[in-house]
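Here the structure is laid out as structure tokens; the discussion comes afterwards.
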Amino acid sequence: MRKNKYVIIITVSLVFCLITTSWAWAQFSEFTQNTHGKIGLSGQSLKVPENSSKFQEYSENKSGVTGGWDARYDINGYYYNFIGKNVLLDNQYYEFNGGKFENFKFGAKYDKIIHNLSLGSKTFYDNPGSSTLTYTGTAADRTNTAAWNIFDYKLKKDNLSANMEWTFFKALTVSLDAKNTTTKGQIPAAYALSTTTSNATFAEIPGPINHETTDVNLLLSYSGKNFNVTANGAISKFNNKDDYLTFKTYMDNVTDKASLPPDNKYTQYGLKGTILHLPFESSVSLSYYTSELTNDVNMWNSVIYNKVSTTINSSAPIFTGKVVDDAVKLLVSSEPLDNLFVKAHYKYSRDRNKSSEVIFSTAGTTTTLKNERFEYAKYQTGVDAEYALPAKTKIASGFEYEGVKRDLRAYNGGNRDRSFYVEAKNKYFNRVNARVKYKHLTRTDMFIGEGVTTSLLYARKFDTADQQQDLFSTNWSFYLLDNLDLGLGYRHKSQNFPSTALGVQKISSNAANFDFSYSLFSGMVNLNGFADYEKYANTSNHRFTSGRASVNPDTTPIYIGSATGYNWLAVINDYTFTYGLDTTVQIIEETLQGVVGFSRQKSNGDISFFPQQNFISVQSIASWDDYWQDEFETKLIYNFLKNFEAVLGFRYQHLKYSDSAVDGYLLTPTIQTSKNPVFTGAYNDFPYNARVVYLTASYKF
């Protein structure tokens, strides 16, 4: 409480300083006549009993004082911008840019981004965040979670960038920009609980993040009377400061290691040309680009198995990764008839994996393994047309065909997609705007089933399976009165997978939205409100087999003392409802405003299981990503001294969260020999009740 009082006192003092500074600034009219912008201070006092990552997921949301500015200076055709936000906080932002109109421009930017994934987690390791995780003590100590170390899963990014752009003769443009990003922190990772097969489960441990990315981009563009040409190149280097994560396993106290994302280099080059002002107001654009991603990784010569180091033989000491992408695209647009606009496109892209092949074998065995080099080729072609009818009506339609050929994708040689859409818009009535759209997609799976006798003969991957997809949407805007606007919308999407015996059968979603804006008493009172509703459903079929039971889902269920072969259905339902209302009242016209707002978002999901012929008793999941979020805010906005504004406000935020994955959370099994996994408490800190009092002051000049 004493800290919050100090925050309020400091904020009020700074606001007083800002007022006096603003008066002094106005006295230097000779300099300030070419300078304009805004400078502000803000302070807030928080009361949040819970240490919630959701409340402060992307910001340093705590009691304190900060400030910012956005200023511009113009002189003799040159301009300079100075921007600062969230000064000295973990998400601070600074930018300086300027230039001369139609000649050149430049800029530099520095900002910090924080991402709180989960706060107050616990681990038996002594040094969370390190790339070498160790622990001390006995096995009993590792089950005593009260003695575990507390830490936060969070990421911190520092971004530094600069750019320059020159224009010569109003035709040639040269642009160069560079960016450096460093990321540090830790994320939840799962690795072996033990090196023995009898305890082959996992432990959740803090995985280190400590890497740097540098990007450089160059663009050249030339524009003539009837054409333009653009060439670009880019280089990106990723440098991971940690090649491996070394850790002591929870069960058997053996030092193991795991690979972390390797260093890599990405390059891209492209060329695009466009010819304009052809007959029928036509234009033709042709573009080509190629990219290459490379890396080198040292191969391991041993692994830990059953507490013993086992030698691994590899055909090469270093794996050389290399993936090349090429793409060419043609775009033609035209107006062959009055009010008829047509676009046609074709694109071909190819992903080639030129990585080295490495063959592995374990010492004392004849079994070998090798890496698979996945490749694919994709081509797309389509046409779109729009025609303007009388009465401010437009109709549009389009068709697209896409083919994908895959190499080394198990049991899938590719896909063939055919889609079309029709759309109509109308603005004939001054007070009504309408839009209706329908789209259909047919996807054909080039399934390769020759010689397959396992469940993969009946199962299909969600992203490649035969699919029939329908999408319908409509939006209506009503301007009923000069002071009353209404908006309505509806969207339906269904996806059916007719050839999938085992896997996802159907996905559907329905969403409706409503919003309004109403002004009363000549604008002295303004009301705004909205409501959104969405239902999502997912149905999938699965099969349980044991012993000699067939994997064929059409086989008669088997029950010999116990269920050994049967199908079971899973149905996911998720309902989301959101609504809100806010009111702005001009208490003293152009001087004092009052704002009150409230919003609520509620989501309720569940998963139901239906075993074939009810062979077994299954408990459904009643809580699946359920949450209840409320926000209430009220504030007074006071404008005085012409360009000075002060805001005093209060905000209440509440989040209640429930999911079977985190309800009744346990960190560790009760005894060391248990095969249950070990957790750290990640993502178990979402709920919060927050009360915030804030004061901001700003001066426009």
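In the structure tokens, each chain is lettered A, B, ... as it comes, each chain's residues begin at 1, and ligands are numbered from 1 in order of appearance.
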
- Message: So that I can see what lies close to Thr173 (chain A), please list as number ranges by chain the residues with an atom at most 8 Å from it, counting only C-alpha atoms and leaving out residues fewer than 6 positions away in the same chain.
- Response: A: 165-167, 219-222

Keeping only C-alpha atoms, take the residues you just selected and write them out as a PDB file, in the first residue's frame.
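And here is the file that came out, result.pdb:
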```
ATOM      1  CA  GLU A 165      15.805   4.884 -48.917  1.00  0.00           C
ATOM      2  CA  TRP A 166      16.909   7.110 -51.805  1.00  0.00           C
ATOM      3  CA  THR A 167      14.909   8.248 -54.834  1.00  0.00           C
ATOM      4  CA  LEU A 219      15.545  -3.417 -52.888  1.00  0.00           C
ATOM      5  CA  LEU A 220      15.990  -1.665 -56.237  1.00  0.00           C
ATOM      6  CA  SER A 221      12.976  -0.350 -58.126  1.00  0.00           C
ATOM      7  CA  TYR A 222      12.695   1.553 -61.373  1.00  0.00           C
TER       8      TYR A 222
END
```

- Query: Which residues come within 7 Å of Leu695 (chain A), counting only C-alpha atoms, excluding same-chain residues fewer than 6 positions away, as number ranges by chain?
  - Reply: A: 42-44, 647-649

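Residues lying within 8 Å of Lys405 (chain A), counting only C-alpha atoms and ignoring same-chain neighbours fewer than 6 positions away, are Tyr376, Ala377, Lys378, Gly413, Gly414 and Asn415 of chain A.
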
Print the selection's residues with all heavy atoms to a file, as a PDB file, in the first residue's frame.
```pdb
ATOM      1  N   TYR A 376       8.650 -31.073 -52.365  1.00  0.00           N
ATOM      2  CA  TYR A 376       7.329 -30.954 -52.977  1.00  0.00           C
ATOM      3  C   TYR A 376       7.369 -29.908 -54.086  1.00  0.00           C
ATOM      4  O   TYR A 376       8.265 -29.058 -54.146  1.00  0.00           O
ATOM      5  CB  TYR A 376       6.256 -30.571 -51.950  1.00  0.00           C
ATOM      6  CG  TYR A 376       6.360 -29.163 -51.423  1.00  0.00           C
ATOM      7  CD1 TYR A 376       5.723 -28.100 -52.059  1.00  0.00           C
ATOM      8  CD2 TYR A 376       7.105 -28.883 -50.272  1.00  0.00           C
ATOM      9  CE1 TYR A 376       5.824 -26.810 -51.581  1.00  0.00           C
ATOM     10  CE2 TYR A 376       7.215 -27.599 -49.789  1.00  0.00           C
ATOM     11  CZ  TYR A 376       6.565 -26.557 -50.450  1.00  0.00           C
ATOM     12  OH  TYR A 376       6.678 -25.282 -49.974  1.00  0.00           O
ATOM     13  N   ALA A 377       6.382 -29.985 -54.966  1.00  0.00           N
ATOM     14  CA  ALA A 377       6.184 -28.993 -56.023  1.00  0.00           C
ATOM     15  C   ALA A 377       4.716 -28.583 -55.995  1.00  0.00           C
ATOM     16  O   ALA A 377       3.830 -29.418 -55.774  1.00  0.00           O
ATOM     17  CB  ALA A 377       6.563 -29.559 -57.385  1.00  0.00           C
ATOM     18  N   LYS A 378       4.455 -27.299 -56.222  1.00  0.00           N
ATOM     19  CA  LYS A 378       3.085 -26.779 -56.146  1.00  0.00           C
ATOM     20  C   LYS A 378       2.825 -25.846 -57.320  1.00  0.00           C
ATOM     21  O   LYS A 378       3.678 -25.029 -57.671  1.00  0.00           O
ATOM     22  CB  LYS A 378       2.873 -26.024 -54.833  1.00  0.00           C
ATOM     23  CG  LYS A 378       1.476 -25.434 -54.661  1.00  0.00           C
ATOM     24  CD  LYS A 378       1.404 -24.511 -53.463  1.00  0.00           C
ATOM     25  CE  LYS A 378       1.598 -25.268 -52.170  1.00  0.00           C
ATOM     26  NZ  LYS A 378       1.386 -24.384 -50.982  1.00  0.00           N
ATOM     27  N   GLY A 413       0.898 -38.851 -52.088  1.00  0.00           N
ATOM     28  CA  GLY A 413       1.684 -38.377 -53.220  1.00  0.00           C
ATOM     29  C   GLY A 413       1.386 -36.961 -53.611  1.00  0.00           C
ATOM     30  O   GLY A 413       2.084 -36.380 -54.443  1.00  0.00           O
ATOM     31  N   GLY A 414       0.330 -36.369 -53.001  1.00  0.00           N
ATOM     32  CA  GLY A 414       0.000 -34.991 -53.315  1.00  0.00           C
ATOM     33  C   GLY A 414      -1.478 -34.723 -53.140  1.00  0.00           C
ATOM     34  O   GLY A 414      -2.239 -35.546 -52.601  1.00  0.00           O
ATOM     35  N   ASN A 415      -1.895 -33.546 -53.579  1.00  0.00           N
ATOM     36  CA  ASN A 415      -3.288 -33.116 -53.488  1.00  0.00           C
ATOM     37  C   ASN A 415      -3.699 -32.376 -54.740  1.00  0.00           C
ATOM     38  O   ASN A 415      -2.862 -31.795 -55.440  1.00  0.00           O
ATOM     39  CB  ASN A 415      -3.505 -32.198 -52.277  1.00  0.00           C
ATOM     40  CG  ASN A 415      -3.541 -32.953 -50.972  1.00  0.00           C
ATOM     41  OD1 ASN A 415      -2.571 -32.961 -50.244  1.00  0.00           O
ATOM     42  ND2 ASN A 415      -4.657 -33.593 -50.679  1.00  0.00           N
TER      43      ASN A 415
END
```

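Closest approach to Tyr289 (chain A) among A:Gln268, A:Ser397, A:Thr576, A:Asn217 is made by A:Gln268 (distances from only C-alpha atoms).
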
- Task: List every residue of region 249-491 of chain A that DSSP, applied to the backbone, labels as helix (DSSP H, G or I), and write the result as a list in words.
- Result: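 Selecting the helix (DSSP H, G or I) positions of region 249-491 of chain A gives Pro279, Phe280, Glu281, Ser455, Leu456 and Leu457 of chain A.
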
Store the residues of this selection in a file with N, CA, C and O atoms, as a PDB file, in the first residue's frame.
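Everything below was put into again20.pdb:
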```
ATOM      1  N   PRO A 279      -3.603  -2.648 -74.131  1.00  0.00           N
ATOM      2  CA  PRO A 279      -4.999  -2.551 -74.577  1.00  0.00           C
ATOM      3  C   PRO A 279      -5.970  -3.089 -73.525  1.00  0.00           C
ATOM      4  O   PRO A 279      -5.650  -4.000 -72.765  1.00  0.00           O
ATOM      5  N   PHE A 280      -7.161  -2.497 -73.491  1.00  0.00           N
ATOM      6  CA  PHE A 280      -8.210  -2.841 -72.525  1.00  0.00           C
ATOM      7  C   PHE A 280      -7.764  -2.577 -71.086  1.00  0.00           C
ATOM      8  O   PHE A 280      -8.139  -3.297 -70.167  1.00  0.00           O
ATOM      9  N   GLU A 281      -6.958  -1.517 -70.912  1.00  0.00           N
ATOM     10  CA  GLU A 281      -6.474  -1.146 -69.578  1.00  0.00           C
ATOM     11  C   GLU A 281      -5.813  -2.340 -68.879  1.00  0.00           C
ATOM     12  O   GLU A 281      -5.957  -2.533 -67.665  1.00  0.00           O
ATOM     13  N   SER A 455      -2.997 -49.737 -39.814  1.00  0.00           N
ATOM     14  CA  SER A 455      -4.096 -48.778 -39.666  1.00  0.00           C
ATOM     15  C   SER A 455      -3.961 -47.594 -40.610  1.00  0.00           C
ATOM     16  O   SER A 455      -4.937 -46.888 -40.863  1.00  0.00           O
ATOM     17  N   LEU A 456      -2.735 -47.366 -41.148  1.00  0.00           N
ATOM     18  CA  LEU A 456      -2.551 -46.259 -42.075  1.00  0.00           C
ATOM     19  C   LEU A 456      -3.341 -46.453 -43.364  1.00  0.00           C
ATOM     20  O   LEU A 456      -3.519 -45.507 -44.136  1.00  0.00           O
ATOM     21  N   LEU A 457      -3.832 -47.682 -43.599  1.00  0.00           N
ATOM     22  CA  LEU A 457      -4.676 -47.916 -44.759  1.00  0.00           C
ATOM     23  C   LEU A 457      -6.024 -47.227 -44.597  1.00  0.00           C
ATOM     24  O   LEU A 457      -6.676 -46.882 -45.585  1.00  0.00           O
TER      25      LEU A 457
END
```

- Task: Would you mind listing what lies within 8 Å of Phe341 (chain A) as a ChimeraX atom specification, with only C-alpha atoms counted and same-chain residues fewer than 5 positions away left out?
- Result: /A:333-336,385-387

Output N, CA and C atoms for every residue in the selection just made, as a short mmCIF file (atom, residue, chain, number, x, y, z; two decimals), in the first residue's frame.
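Saved the output as out.cif:
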```
data_model
loop_
_atom_site.label_atom_id
_atom_site.label_comp_id
_atom_site.auth_asym_id
_atom_site.auth_seq_id
_atom_site.Cartn_x
_atom_site.Cartn_y
_atom_site.Cartn_z
N SER A 333 -4.12 -8.57 -65.44
CA SER A 333 -5.38 -7.90 -65.09
C SER A 333 -5.84 -7.07 -66.28
N SER A 334 -7.17 -6.96 -66.43
CA SER A 334 -7.70 -6.30 -67.62
C SER A 334 -9.12 -5.82 -67.37
N GLU A 335 -9.55 -4.89 -68.22
CA GLU A 335 -10.94 -4.43 -68.24
C GLU A 335 -11.45 -4.56 -69.68
N PRO A 336 -11.79 -5.80 -70.11
CA PRO A 336 -12.17 -6.03 -71.51
C PRO A 336 -13.47 -5.34 -71.91
N ALA A 385 -13.22 -12.42 -61.58
CA ALA A 385 -13.92 -11.40 -62.38
C ALA A 385 -14.91 -10.65 -61.50
N GLU A 386 -15.01 -9.35 -61.75
CA GLU A 386 -15.97 -8.51 -61.03
C GLU A 386 -16.69 -7.63 -62.04
N TYR A 387 -18.01 -7.57 -61.91
CA TYR A 387 -18.82 -6.79 -62.85
C TYR A 387 -19.71 -5.84 -62.07
#
```

Can you pull out the residues contacting Glu402 (chain A)? Cut-off 8 Å, using only C-alpha atoms, and skip same-chain residues under 6 positions away; I want them as a tab-separated table (two decimals) with all heavy atoms, in the first residue's frame.
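File part_23.tsv, as written:
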```tsv
chain	number	residue	atom	x	y	z
A	378	LYS	N	4.45	-27.30	-56.22
A	378	LYS	CA	3.08	-26.78	-56.15
A	378	LYS	C	2.82	-25.85	-57.32
A	378	LYS	O	3.68	-25.03	-57.67
A	378	LYS	CB	2.87	-26.02	-54.83
A	378	LYS	CG	1.48	-25.43	-54.66
A	378	LYS	CD	1.40	-24.51	-53.46
A	378	LYS	CE	1.60	-25.27	-52.17
A	378	LYS	NZ	1.39	-24.38	-50.98
A	379	TYR	N	1.65	-25.96	-57.90
A	379	TYR	CA	1.26	-25.03	-58.94
A	379	TYR	C	-0.18	-24.58	-58.70
A	379	TYR	O	-1.04	-25.35	-58.27
A	379	TYR	CB	1.43	-25.64	-60.34
A	379	TYR	CG	0.79	-26.98	-60.54
A	379	TYR	CD1	-0.51	-27.10	-61.02
A	379	TYR	CD2	1.50	-28.15	-60.25
A	379	TYR	CE1	-1.09	-28.35	-61.21
A	379	TYR	CE2	0.93	-29.39	-60.44
A	379	TYR	CZ	-0.37	-29.49	-60.91
A	379	TYR	OH	-0.94	-30.72	-61.08
A	380	GLN	N	-0.42	-23.30	-58.96
A	380	GLN	CA	-1.73	-22.69	-58.75
A	380	GLN	C	-2.10	-21.88	-59.99
A	380	GLN	O	-1.25	-21.19	-60.56
A	380	GLN	CB	-1.71	-21.76	-57.53
A	380	GLN	CG	-1.34	-22.42	-56.22
A	380	GLN	CD	-1.03	-21.39	-55.15
A	380	GLN	OE1	-0.04	-20.66	-55.23
A	380	GLN	NE2	-1.88	-21.31	-54.15
A	381	THR	N	-3.35	-21.95	-60.36
A	381	THR	CA	-3.85	-21.11	-61.45
A	381	THR	C	-5.30	-20.76	-61.15
A	381	THR	O	-6.04	-21.57	-60.56
A	381	THR	CB	-3.73	-21.81	-62.81
A	381	THR	OG1	-4.15	-20.92	-63.84
A	381	THR	CG2	-4.59	-23.07	-62.87
A	415	ASN	N	-1.90	-33.55	-53.58
A	415	ASN	CA	-3.29	-33.12	-53.49
A	415	ASN	C	-3.70	-32.38	-54.74
A	415	ASN	O	-2.86	-31.80	-55.44
A	415	ASN	CB	-3.50	-32.20	-52.28
A	415	ASN	CG	-3.54	-32.95	-50.97
A	415	ASN	OD1	-2.57	-32.96	-50.24
A	415	ASN	ND2	-4.66	-33.59	-50.68
A	416	ARG	N	-5.00	-32.37	-54.99
A	416	ARG	CA	-5.59	-31.57	-56.05
A	416	ARG	C	-6.75	-30.79	-55.45
A	416	ARG	O	-7.72	-31.37	-54.97
A	416	ARG	CB	-6.08	-32.46	-57.20
A	416	ARG	CG	-4.98	-33.28	-57.88
A	416	ARG	CD	-4.03	-32.38	-58.66
A	416	ARG	NE	-3.00	-33.17	-59.34
A	416	ARG	CZ	-1.81	-33.41	-58.84
A	416	ARG	NH1	-1.48	-32.93	-57.64
A	416	ARG	NH2	-0.92	-34.12	-59.51
A	417	ASP	N	-6.65	-29.47	-55.47
A	417	ASP	CA	-7.69	-28.60	-54.92
A	417	ASP	C	-8.39	-27.85	-56.04
A	417	ASP	O	-7.73	-27.27	-56.92
A	417	ASP	CB	-7.09	-27.58	-53.94
A	417	ASP	CG	-6.64	-28.22	-52.64
A	417	ASP	OD1	-6.75	-29.45	-52.53
A	417	ASP	OD2	-6.19	-27.48	-51.75
A	418	ARG	N	-9.72	-27.83	-55.98
A	418	ARG	CA	-10.53	-27.03	-56.90
A	418	ARG	C	-11.49	-26.20	-56.06
A	418	ARG	O	-12.24	-26.75	-55.25
A	418	ARG	CB	-11.31	-27.93	-57.87
A	418	ARG	CG	-10.43	-28.79	-58.76
A	418	ARG	CD	-11.25	-29.81	-59.52
A	418	ARG	NE	-10.43	-30.65	-60.39
A	418	ARG	CZ	-9.78	-31.74	-59.98
A	418	ARG	NH1	-9.85	-32.11	-58.70
A	418	ARG	NH2	-9.05	-32.44	-60.82
```

- Query: If we count only C-alpha atoms, what is near Asp325 (chain A) at a cut-off of 10 Å, once residues fewer than 4 positions away on the same chain are taken out, given as a VMD selection string?
  - Reply: chain A and resid 268 289 to 293 349 to 353 375 to 377

- Query: Expressed in Å to a single decimal, how great is the separation between CA of Tyr533 (chain A) and CA of Asp574 (chain A)?
  - Reply: 10.9 Å

- Closest of A:Asn483, A:Asn639, A:Ser302, A:Asn163 to Phe104 (chain A) - atom-to-atom distances counting only C-alpha atoms: A:Asn163

- Item | Lys322 (chain A) environment, 6 Å, only C-alpha atoms, sequence neighbours closer than 5 positions dropped, as a list in words |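 Within the cut-off, the hits are Leu293, Thr294, Lys354 and Ser355 of chain A.
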
- Could you please write out, as a PyMOL selection string, every residue of region 274-447 of chain A that DSSP assigns to strand (DSSP E)? chain A and resi 274-278+282-298+302-305+308-314+318-337+340-353+359-362+368-370+375-389+393-407+412-426+432-447

- Message: Given only C-alpha atoms as the basis, pick out the residue of A:His211, A:Pro317, A:Ser223, A:Lys237 nearest to Ile275 (chain A).
- Response: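 Once distances to Ile275 (chain A) are computed over only C-alpha atoms, the minimum belongs to A:Ser223.
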
- In terms of the shortest atom-to-atom distance over only C-alpha atoms, which of A:Ser623, A:Asn526, A:Ser361, A:Asn541 is closest to Ile587 (chain A)?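 So, comparing all the options, the nearest one is A:Asn526.
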
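Of the residues listed (A:Leu155, A:Leu88, A:Arg431, A:Ile507), A:Leu155 shows the shortest atom-to-atom separation from Ile113 (chain A); distances use only C-alpha atoms.
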
- Task: Between A:Phe650, A:Tyr566, A:Phe644, A:Phe168, single out the one closest to Ser698 (chain A), counting only C-alpha atoms.
- Result: A:Phe644

- Task: In Å, rounded to a single decimal, give me how far CA of Ile209 (chain A) is from CA of Phe238 (chain A).
- Result: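 Between CA of Phe238 (chain A) and CA of Ile209 (chain A) the gap is 12.6 Å.
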
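Rounded to one decimal, CA of Asp482 (chain A) and CA of Glu633 (chain A) lie 28.0 Å from each other.
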